[in-house]
Amino acid sequence: MDDDTRQALAAATDFATRVIAPQAESWNTAGSVPRAFFREAAAAGLCGLRVPRAQGGRGLGVGAYTQVLGILARECMASTFALVVHNNLAATVASDGSPGQVARHLGPMLAGESIGAFLLTEPGAGSDAQALATRATRDATGWVIDGAKAWISNAQHADVLAVFAQTAPGSGAAGIACFLVPGDAAGVTRSAGYALLGGHALGTGGFEFASTAVAEDALLFAPGAGLKAALAGIDVARMAVAAMCCGMLETALERALEYTAARPAFGQHVADFQGVQWMLADCATDLVAAQALTERATALADAGERATLAAAHAKKFATRVAFARIAECMQAMGASGLRRELPLARHLESAKIAQYLDGATEIQNVVIARALARRD
């Protein structure tokens, strides 16, 4: 492990303990993380994790990046994912933005003063990303955007909106472009946050665009390149979700082991009963397997190899076992596992949400099934 990775992991450990753990439950109640969360993350060097060091970031590889996310998610996956979305847009601006876009957006994003969000999903277009109804029409000075976006993380605070829109109706992927739109631009309406099962620190909500005018230099990805760009980072995003699920399950197992070892029952401790031992042993096996699948995928990505299939396996398995095994850790702790001051209930909610993030479980099955068919 190099010094850069060690420093990033140490910063993540400190931030998770000092900032996330004491406030995670209040963020869930409030409906989003506060804006100060991003400024504190920036001070810890956590807002430019994949931005090159020459541009002010940490320049982490995929493996180190997902390790950082796993550490943060041990306390709260929702707030960690809010940070992931911001980091991903900062990295995209750094790598693909024009000089003007980099000068305008990157510094404030690395400082946590300007918060990023990706606006791809729509009320009628989720997994089928080619079916975008949001339109971008050229005019004399640039583009005019009309439409609606849904299920947007960081919607409550986002300042820089990466808006994917169709420029040539009927053309599918060939017409999809992406624009950097200020969150306070004329014609942009931000909806109230969604009331969900949990995970409210994500600040999930929607946007509407009514004749929102943007200049030509707002174009981040030209028509035909937008959807390709959106999908280019999906493998790493799926690895990130898998790593965060591993972090949550690791915490749940540790808490269950501590509780059952200390809790007396029928002249023994709960941990002395074979049924509980075997339940937690199965949790441990699934955790090790999920970590191995995630590490295999990140190793492929860091080696520059195609990791789509490995990422699908990792995300599918990690989200599935996190939801099932966190529930079993809670069961081993009896009613105490339900207490909101512990992270387990919050993790169970987030594990369910993780099954939809960056492609639902069924989409992972599509990726895997297609790979199996090609093998034949």
# chains A, B, ... in the order shown; residues from 1 in each chain; ligands from 1
>>> residues_around(residues="region 228-231 of chain A", least_positions_apart="6", cutoff="10 Å", atoms="only C-alpha atoms", output="short mmCIF file (atom, residue, chain, number, x, y, z; two decimals) with C-alpha atoms, in the first residue's frame")
data_model
loop_
_atom_site.label_atom_id
_atom_site.label_comp_id
_atom_site.auth_asym_id
_atom_site.auth_seq_id
_atom_site.Cartn_x
_atom_site.Cartn_y
_atom_site.Cartn_z
CA THR A 92 -15.73 13.94 -14.71
CA ASP A 96 -13.68 15.76 -19.64
CA PHE A 118 -26.00 13.68 -12.02
CA LEU A 119 -29.44 14.09 -13.59
CA LEU A 120 -30.05 11.06 -15.81
CA ALA A 129 -31.63 5.39 -20.17
CA PHE A 164 -28.63 14.49 -19.69
CA ALA A 173 -28.40 7.28 -27.82
CA ALA A 174 -27.16 9.20 -30.87
CA ILE A 176 -28.21 12.31 -25.96
CA ALA A 177 -25.99 15.12 -24.68
CA CYS A 178 -25.00 16.34 -21.22
CA LEU A 220 -20.09 18.79 -21.25
CA PHE A 221 -20.71 15.89 -23.63
CA ALA A 222 -21.86 16.49 -27.20
CA ALA A 237 -20.11 2.92 -9.52
CA ASP A 358 -26.52 2.15 -10.31
#
>>> residues_around(residues="Ser336 (chain A)", least_positions_apart="3", cutoff="12 Å", atoms="only C-alpha atoms", output="PyMOL selection string")
chain A and resi 255-256+259-260+263+329-333+339-345
>>> write_last_selection(atoms="N, CA and C atoms", output="tab-separated table (two decimals), in the first residue's frame")
chain	number	residue	atom	x	y	z
A	255	ARG	N	-20.89	-5.61	15.58
A	255	ARG	CA	-21.83	-5.24	16.65
A	255	ARG	C	-22.54	-6.48	17.20
A	256	ALA	N	-22.92	-7.40	16.31
A	256	ALA	CA	-23.60	-8.61	16.75
A	256	ALA	C	-22.68	-9.50	17.59
A	259	TYR	N	-22.30	-7.84	21.06
A	259	TYR	CA	-23.52	-7.93	21.86
A	259	TYR	C	-23.75	-9.35	22.37
A	260	THR	N	-23.64	-10.33	21.47
A	260	THR	CA	-23.93	-11.71	21.88
A	260	THR	C	-22.90	-12.25	22.85
A	263	ARG	N	-24.12	-10.52	26.27
A	263	ARG	CA	-25.49	-10.66	26.75
A	263	ARG	C	-25.70	-12.03	27.42
A	329	CYS	N	-27.91	-10.29	11.70
A	329	CYS	CA	-27.15	-9.71	12.81
A	329	CYS	C	-28.08	-9.02	13.79
A	330	MET	N	-29.07	-8.33	13.26
A	330	MET	CA	-30.06	-7.69	14.12
A	330	MET	C	-30.84	-8.73	14.92
A	331	GLN	N	-31.19	-9.83	14.26
A	331	GLN	CA	-31.94	-10.90	14.92
A	331	GLN	C	-31.12	-11.50	16.07
A	332	ALA	N	-29.83	-11.66	15.86
A	332	ALA	CA	-28.97	-12.20	16.90
A	332	ALA	C	-28.92	-11.29	18.12
A	333	MET	N	-29.16	-10.01	17.91
A	333	MET	CA	-29.13	-9.04	19.00
A	333	MET	C	-30.50	-8.85	19.64
A	339	ARG	N	-32.73	-0.71	17.78
A	339	ARG	CA	-32.55	0.63	18.34
A	339	ARG	C	-31.88	1.56	17.33
A	340	ARG	N	-32.48	2.75	17.17
A	340	ARG	CA	-32.00	3.67	16.15
A	340	ARG	C	-30.64	4.27	16.49
A	341	GLU	N	-30.24	4.27	17.76
A	341	GLU	CA	-28.93	4.82	18.09
A	341	GLU	C	-27.79	3.90	17.61
A	342	LEU	N	-28.12	2.66	17.27
A	342	LEU	CA	-27.15	1.76	16.66
A	342	LEU	C	-27.27	1.90	15.13
A	343	PRO	N	-26.23	1.58	14.40
A	343	PRO	CA	-26.30	1.77	12.94
A	343	PRO	C	-27.01	0.65	12.20
A	344	LEU	N	-27.37	-0.45	12.85
A	344	LEU	CA	-27.87	-1.61	12.10
A	344	LEU	C	-29.18	-1.35	11.37
A	345	ALA	N	-30.13	-0.69	12.04
A	345	ALA	CA	-31.40	-0.40	11.37
A	345	ALA	C	-31.17	0.51	10.17
>>> closest_residue(among="A:Ala265, A:Ala44, A:Met248, A:Ala243", to="Tyr65 (chain A)", atoms="only C-alpha atoms")
A:Ala243
>>> select_by_dssp(residues="region 64-231 of chain A", states="strand (DSSP E or B)", output="number ranges by chain")
A: 116-119, 122, 125, 135-138, 142-152, 160-166, 176-182, 188-190, 205-215, 219-221
>>> write_last_selection(atoms="C-alpha atoms", output="tab-separated table (two decimals), in the first residue's frame")
chain	number	residue	atom	x	y	z
A	116	GLY	CA	-22.57	18.19	-7.76
A	117	ALA	CA	-25.34	15.90	-8.98
A	118	PHE	CA	-26.00	13.68	-12.02
A	119	LEU	CA	-29.44	14.09	-13.59
A	122	GLU	CA	-36.56	10.54	-15.22
A	125	ALA	CA	-36.92	6.50	-17.80
A	135	ARG	CA	-35.23	17.81	-24.47
A	136	ALA	CA	-32.41	20.20	-25.31
A	137	THR	CA	-33.09	22.46	-28.29
A	138	ARG	CA	-30.57	24.75	-29.95
A	142	GLY	CA	-26.93	28.01	-26.94
A	143	TRP	CA	-29.51	25.51	-25.74
A	144	VAL	CA	-32.94	25.46	-24.09
A	145	ILE	CA	-33.76	22.53	-21.77
A	146	ASP	CA	-37.26	21.29	-20.97
A	147	GLY	CA	-38.24	18.21	-18.97
A	148	ALA	CA	-38.16	16.52	-15.59
A	149	LYS	CA	-35.66	14.42	-13.65
A	150	ALA	CA	-36.35	12.05	-10.76
A	151	TRP	CA	-34.48	10.03	-8.12
A	152	ILE	CA	-31.58	12.45	-8.04
A	160	VAL	CA	-23.83	21.95	-10.46
A	161	LEU	CA	-26.29	19.76	-12.34
A	162	ALA	CA	-25.03	17.37	-15.01
A	163	VAL	CA	-28.23	17.19	-17.05
A	164	PHE	CA	-28.63	14.49	-19.69
A	165	ALA	CA	-31.07	15.43	-22.44
A	166	GLN	CA	-32.19	14.30	-25.88
A	176	ILE	CA	-28.21	12.31	-25.96
A	177	ALA	CA	-25.99	15.12	-24.68
A	178	CYS	CA	-25.00	16.34	-21.22
A	179	PHE	CA	-24.97	19.92	-19.94
A	180	LEU	CA	-23.60	21.54	-16.79
A	181	VAL	CA	-26.51	23.62	-15.51
A	182	PRO	CA	-26.43	25.87	-12.42
A	188	VAL	CA	-35.08	25.19	-12.76
A	189	THR	CA	-37.47	23.98	-10.07
A	190	ARG	CA	-36.29	21.67	-7.29
A	205	GLY	CA	-35.54	14.41	-5.05
A	206	GLY	CA	-36.37	15.69	-8.50
A	207	PHE	CA	-36.01	18.68	-10.83
A	208	GLU	CA	-38.11	20.30	-13.51
A	209	PHE	CA	-36.74	22.40	-16.36
A	210	ALA	CA	-39.01	24.92	-18.07
A	211	SER	CA	-37.31	26.73	-20.98
A	212	THR	CA	-34.02	26.72	-19.08
A	213	ALA	CA	-31.49	28.53	-21.26
A	214	VAL	CA	-27.80	27.61	-21.11
A	215	ALA	CA	-24.89	28.89	-23.16
A	219	LEU	CA	-22.14	21.45	-23.07
A	220	LEU	CA	-20.09	18.79	-21.25
A	221	PHE	CA	-20.71	15.89	-23.63
>>> residues_around(residues="Gln7 (chain A)", least_positions_apart="5", cutoff="10 Å", atoms="only C-alpha atoms", output="ChimeraX atom specification")
/A:2,12-13,45,58
>>> residues_around(residues="region 75-80 of chain A", least_positions_apart="2", cutoff="6 Å", atoms="only C-alpha atoms", output="PDB file with N, CA and C atoms, in the first residue's frame")
ATOM      1  N   ALA A  21     -20.431   9.323  12.262  1.00  0.00           N
ATOM      2  CA  ALA A  21     -21.060   8.513  13.317  1.00  0.00           C
ATOM      3  C   ALA A  21     -21.953   9.326  14.252  1.00  0.00           C
ATOM      4  N   ALA A  73     -18.887   4.073   4.761  1.00  0.00           N
ATOM      5  CA  ALA A  73     -20.206   3.443   4.819  1.00  0.00           C
ATOM      6  C   ALA A  73     -20.396   2.590   6.061  1.00  0.00           C
ATOM      7  N   ALA A  82     -23.902  10.167  -1.099  1.00  0.00           N
ATOM      8  CA  ALA A  82     -23.989  11.584  -1.473  1.00  0.00           C
ATOM      9  C   ALA A  82     -22.607  12.111  -1.837  1.00  0.00           C
ATOM     10  N   LEU A  83     -21.608  11.690  -1.097  1.00  0.00           N
ATOM     11  CA  LEU A  83     -20.230  12.099  -1.365  1.00  0.00           C
ATOM     12  C   LEU A  83     -19.708  11.449  -2.647  1.00  0.00           C
ATOM     13  N   GLY A 199     -32.435   6.100   4.328  1.00  0.00           N
ATOM     14  CA  GLY A 199     -31.415   6.665   3.453  1.00  0.00           C
ATOM     15  C   GLY A 199     -31.649   8.116   3.083  1.00  0.00           C
ATOM     16  N   ALA A 201     -30.306  10.753   4.043  1.00  0.00           N
ATOM     17  CA  ALA A 201     -29.106  11.577   3.906  1.00  0.00           C
ATOM     18  C   ALA A 201     -28.686  11.746   2.452  1.00  0.00           C
ATOM     19  N   LEU A 202     -29.212  10.896   1.568  1.00  0.00           N
ATOM     20  CA  LEU A 202     -28.959  11.039   0.139  1.00  0.00           C
ATOM     21  C   LEU A 202     -29.536  12.333  -0.420  1.00  0.00           C
TER      22      LEU A 202
END
>>> atom_distance(atom1="CA of Gly56 (chain A)", atom2="CA of Phe37 (chain A)")
19.3 Å
>>> residues_around(residues="Val321 (chain A)", least_positions_apart="2", cutoff="9 Å", atoms="only C-alpha atoms", output="CSV table (one decimal) with C-alpha atoms, in the first residue's frame")
chain,number,residue,atom,x,y,z
A,245,CYS,CA,-22.4,-2.9,1.4
A,249,LEU,CA,-22.2,-5.7,6.8
A,283,CYS,CA,-22.6,-13.8,7.8
A,286,ASP,CA,-20.8,-14.1,2.9
A,287,LEU,CA,-18.9,-11.0,3.9
A,290,ALA,CA,-18.5,-10.2,-1.1
A,316,LYS,CA,-25.5,-8.2,-7.2
A,317,PHE,CA,-24.0,-10.4,-4.5
A,318,ALA,CA,-22.9,-7.7,-2.1
A,319,THR,CA,-26.3,-6.0,-2.1
A,323,PHE,CA,-29.7,-7.0,3.2
A,324,ALA,CA,-30.1,-10.6,4.3
A,325,ARG,CA,-27.2,-10.8,6.7
A,326,ILE,CA,-27.6,-7.4,8.4
A,351,ALA,CA,-28.8,-2.2,2.0
>>> residues_around(residues="Val33 (chain A)", least_positions_apart="5", cutoff="12 Å", atoms="only C-alpha atoms", output="PyMOL selection string")
chain A and resi 19-20+23-28+38-41+76-83+115+153-158+193+199-204
>>> select_by_dssp(residues="region 166-349 of chain A", states="helix (DSSP H, G or I)", output="MDAnalysis selection string")
chainID A and resid 172:175 200:202 216:218 226:232 234:262 270:272 274:302 308:332 334:338 344:349
>>> atom_distance(atom1="CA of Ala111 (chain A)", atom2="CA of Ala42 (chain A)")
5.2 Å
>>> atom_distance(atom1="CA of Arg50 (chain A)", atom2="CA of Asn87 (chain A)")
7.2 Å
